[in-house]
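Structure file data31.txt (compact mmCIF, C-alpha atoms) is printed below.
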# COMPACT_ATOMS: atom_id res chain seq x y z
CA MET A 178 2.51 -29.95 22.20
CA SER A 179 3.76 -32.14 19.35
CA GLU A 180 7.45 -32.35 18.51
CA SER A 181 6.83 -30.74 15.11
CA ARG A 182 5.46 -27.62 16.82
CA LYS A 183 8.47 -27.39 19.14
CA LYS A 184 11.04 -27.17 16.35
CA PRO A 185 12.55 -23.71 15.86
CA SER A 186 10.82 -21.95 13.02
CA SER A 187 12.49 -20.31 10.08
CA LEU A 188 9.56 -17.88 10.03
CA SER A 189 10.63 -14.79 11.93
CA HIS A 190 7.18 -14.05 13.36
CA LEU A 191 6.94 -17.39 15.18
CA ASP A 192 8.67 -18.24 18.43
CA GLU A 193 10.18 -21.63 19.35
CA GLU A 194 6.72 -22.85 20.37
CA GLY A 195 5.13 -21.80 17.07
CA ARG A 196 3.30 -18.82 18.57
CA ALA A 197 3.05 -15.50 16.75
CA ASN A 198 5.24 -12.76 18.17
CA MET A 199 6.63 -9.39 17.22
CA VAL A 200 10.15 -9.63 15.82
CA ASN A 201 12.89 -7.89 17.81
CA VAL A 202 14.53 -5.41 15.43
CA GLY A 203 16.48 -3.56 18.11
CA GLU A 204 19.88 -4.83 16.96
CA LYS A 205 19.31 -4.28 13.24
CA PRO A 206 21.08 -1.32 11.63
CA ILE A 207 19.09 1.72 10.56
CA THR A 208 19.01 1.90 6.76
CA HIS A 209 17.05 3.81 4.13
CA ARG A 210 13.95 1.77 3.19
CA VAL A 211 11.72 2.41 0.18
CA CYS A 212 8.67 0.45 -0.95
CA VAL A 213 6.11 0.98 -3.67
CA ALA A 214 2.74 -0.78 -3.70
CA ARG A 215 0.11 -0.62 -6.40
CA CYS A 216 -3.46 -1.64 -7.12
CA GLU A 217 -6.31 -0.64 -9.40
CA VAL A 218 -9.90 0.41 -8.83
CA THR A 219 -12.00 -0.60 -11.83
CA MET A 220 -15.32 1.07 -12.51
CA GLU A 221 -17.83 2.05 -15.16
CA ALA A 222 -16.58 4.68 -17.60
CA ALA A 223 -19.33 7.05 -16.44
CA THR A 224 -18.07 6.82 -12.85
CA LEU A 225 -14.54 7.69 -13.91
CA GLU A 226 -15.93 10.66 -15.84
CA LEU A 227 -17.75 11.88 -12.71
CA ILE A 228 -14.55 11.55 -10.66
CA SER A 229 -12.50 13.42 -13.26
CA ALA A 230 -15.13 16.18 -13.52
CA GLY A 231 -15.32 16.55 -9.73
CA GLN A 232 -19.00 15.59 -9.74
CA ILE A 233 -19.10 12.80 -7.16
CA PRO A 234 -21.61 13.93 -4.50
CA LYS A 235 -19.29 13.11 -1.57
CA GLY A 236 -16.60 15.55 -2.78
CA ASP A 237 -13.07 15.46 -4.20
CA VAL A 238 -12.41 11.73 -4.56
CA MET A 239 -8.74 11.98 -5.49
CA ALA A 240 -7.76 14.41 -2.72
CA THR A 241 -9.63 12.38 -0.11
CA ALA A 242 -8.06 9.11 -1.33
CA ARG A 243 -4.55 10.63 -1.14
CA ILE A 244 -5.14 11.79 2.44
CA ALA A 245 -6.58 8.38 3.38
CA GLY A 246 -3.50 6.61 2.03
CA ILE A 247 -1.11 8.87 3.91
CA GLN A 248 -3.07 8.51 7.14
CA ALA A 249 -3.26 4.72 6.77
CA ALA A 250 0.49 4.36 6.20
CA LYS A 251 1.14 6.26 9.43
CA ARG A 252 -1.19 3.87 11.30
CA THR A 253 -0.15 0.56 9.80
CA ASP A 254 0.84 -0.83 13.20
CA GLN A 255 -2.81 -0.38 14.22
CA TRP A 256 -4.03 -2.39 11.21
CA ILE A 257 -1.43 -5.17 11.13
CA PRO A 258 -1.00 -6.86 14.53
CA LEU A 259 2.73 -7.71 14.30
CA ALA A 260 3.85 -4.56 12.48
CA HIS A 261 6.20 -2.14 14.23
CA PRO A 262 5.35 1.55 14.55
CA LEU A 263 7.76 3.32 12.21
CA PRO A 264 9.02 6.88 11.86
CA LEU A 265 8.11 7.48 8.22
CA ASP A 266 10.08 9.99 6.17
CA VAL A 267 7.51 10.37 3.41
CA VAL A 268 4.32 8.84 2.02
CA GLN A 269 3.41 9.68 -1.56
CA ILE A 270 0.15 8.64 -3.17
CA GLN A 271 -0.25 8.88 -6.94
CA LEU A 272 -3.70 8.36 -8.48
CA LYS A 273 -3.96 8.15 -12.24
CA PRO A 274 -7.29 7.86 -14.04
CA ASP A 275 -7.02 5.45 -16.97
CA PRO A 276 -10.09 5.99 -19.16
CA ARG A 277 -9.05 3.21 -21.57
CA GLY A 278 -9.31 0.66 -18.79
CA GLY A 279 -12.09 2.32 -16.79
CA GLN A 280 -9.92 2.44 -13.71
CA VAL A 281 -7.87 4.52 -11.33
CA LEU A 282 -4.29 3.32 -10.95
CA VAL A 283 -3.16 3.66 -7.33
CA GLU A 284 0.49 3.89 -6.30
CA ALA A 285 1.78 4.33 -2.75
CA ARG A 286 5.46 5.06 -2.16
CA VAL A 287 6.75 5.00 1.42
CA GLU A 288 10.23 5.83 2.69
CA ALA A 289 11.81 5.57 6.11
CA HIS A 290 15.21 5.41 7.73
CA TRP A 291 14.64 2.54 10.14
CA ARG A 292 15.46 -1.01 11.18
CA THR A 293 12.60 -2.71 9.35
CA GLY A 294 11.01 -2.36 5.95
CA VAL A 295 8.00 -0.36 4.90
CA GLU A 296 6.29 -2.96 2.72
CA MET A 297 3.21 -3.14 4.91
CA GLU A 298 2.98 0.65 5.13
CA ALA A 299 2.98 0.91 1.32
CA LEU A 300 0.43 -1.91 0.94
CA VAL A 301 -1.87 -0.46 3.61
CA ALA A 302 -1.60 3.00 2.02
CA ALA A 303 -2.52 1.69 -1.44
CA SER A 304 -5.41 -0.30 0.06
CA ALA A 305 -6.81 2.63 2.01
CA SER A 306 -6.58 4.93 -1.01
CA ALA A 307 -8.40 2.40 -3.20
CA LEU A 308 -11.04 1.68 -0.57
CA THR A 309 -11.65 5.40 -0.16
CA ILE A 310 -12.28 5.73 -3.89
CA TYR A 311 -14.73 2.85 -3.60
CA ASP A 312 -16.45 4.36 -0.56
CA MET A 313 -16.86 7.77 -2.16
CA CYS A 314 -18.24 6.36 -5.42
CA LYS A 315 -20.29 3.34 -4.31
CA ALA A 316 -23.57 5.26 -4.46
CA VAL A 317 -23.13 5.75 -8.22
CA ASP A 318 -21.36 2.47 -9.08
CA ARG A 319 -21.79 -0.74 -7.07
CA SER A 320 -19.85 -2.72 -9.71
CA MET A 321 -16.44 -1.25 -8.78
CA THR A 322 -13.63 -3.59 -7.81
CA VAL A 323 -10.34 -3.11 -6.02
CA GLN A 324 -7.83 -5.49 -7.53
CA ASN A 325 -4.23 -6.55 -7.95
CA LEU A 326 -2.82 -5.18 -4.70
CA ARG A 327 0.90 -5.91 -4.83
CA LEU A 328 4.36 -4.91 -3.73
CA SER A 329 5.94 -3.46 -6.87
CA GLU A 330 9.32 -2.29 -5.63
CA LYS A 331 11.43 -2.55 -2.51
CA ALA A 332 14.88 -1.25 -1.61
CA GLY A 333 16.94 -1.24 1.55
CA GLY A 334 17.59 -3.72 4.30
CA LYS A 335 19.19 -7.15 4.31
CA SER A 336 17.12 -8.62 1.49
CA GLY A 337 18.17 -5.88 -0.94
CA ARG A 338 16.30 -4.62 -3.98
CA PHE A 339 13.17 -6.12 -5.51
CA VAL A 340 11.34 -4.92 -8.62
CA ARG A 341 8.37 -6.90 -9.90
CA GLU A 342 9.02 -7.79 -13.54
CA SER A 343 5.60 -6.59 -14.70
CA GLU A 344 6.14 -3.17 -13.07
CA THR A 345 8.42 -1.43 -15.55
CA GLU A 346 6.42 1.80 -15.61
CA SER A 347 4.73 3.50 -12.69
CA PRO A 348 2.03 6.16 -12.59
CA SER A 349 4.51 8.49 -10.92
CA SER A 350 7.15 8.00 -13.60
CA ASN A 351 4.93 8.35 -16.64
CA ALA A 352 2.40 10.92 -15.47
CA LYS A 353 3.38 14.44 -14.52
CA GLY A 354 2.51 14.51 -10.84
CA GLY A 355 -0.38 12.07 -11.07
CA ALA A 356 -3.81 13.21 -9.98
Just give me the structure of the file as structure tokens.
Amino acid sequence: MSESRKKPSSLSHLDEEGRANMVNVGEKPITHRVCVARCEVTMEAATLELISAGQIPKGDVMATARIAGIQAAKRTDQWIPLAHPLPLDVVQIQLKPDPRGGQVLVEARVEAHWRTGVEMEALVAASASALTIYDMCKAVDRSMTVQNLRLSEKAGGKSGRFVRESETESPSSNAKGGA
């Protein structure tokens, strides 16, 4: 192995030999962790109308997408190889139809009291919710896209608070209860 590969890495998921490994969080303090992830599912206006009217042949798109997001957050360690299984306190999925943009705004908020953050749980939850919308509607609209998956907010842990500048308003803060 070359000398450059033997140098200790500043990346926490690499060992001294440069191999991927799961980070030991056993000595970290338990703190309250909160993360919010967002994305959008864009579609034809007619597809959004069918969703809103409850006329998608596969059933209630919004309810199914919320359940998918919650389930995915709880199983993030099965999706992401180096993620830790976490005892989640809450997973909240907000889905807001935006007829002006022909899209559904997806927001996943995850909280836990644990030794490591819940960024991946929030991102996986938002992804699964969006992909479920796509799956349930693909028969009527093959042009849909899932886009702009991002961490919007984070609090707790050593790195402190993060709020993406472009994320001043959230579906959960400006819509009564979301969809």
Between A:Glu342, A:Glu204, A:Asp266, A:Glu217, smallest distance to Glu330 (chain A) by only C-alpha atoms belongs to A:Glu342
List the residues sitting within 12 Å of (-26.2, 1.3, -12.6) in the file's frame, using all atoms listed in the file, as a count of residues only.
13
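Using all atoms listed in the file, the nearest neighbour of Val267 (chain A) within the list A:His209, A:Met239, A:Leu308, A:Gln324 is A:His209.
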Nearest to Arg252 (chain A) by atom-to-atom distance, counting all atoms listed in the file, from A:Glu284, A:Ala299, A:Pro276, A:Ile207:
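Of A:Glu284, A:Ala299, A:Pro276, A:Ile207, the one nearest Arg252 (chain A) is A:Ala299, counting all atoms listed in the file.
Minimum distance to Cys216 (chain A) across A:Thr293, A:Gln232, A:Ser304, A:Thr309 (counting all atoms listed in the file) occurs at A:Ser304.
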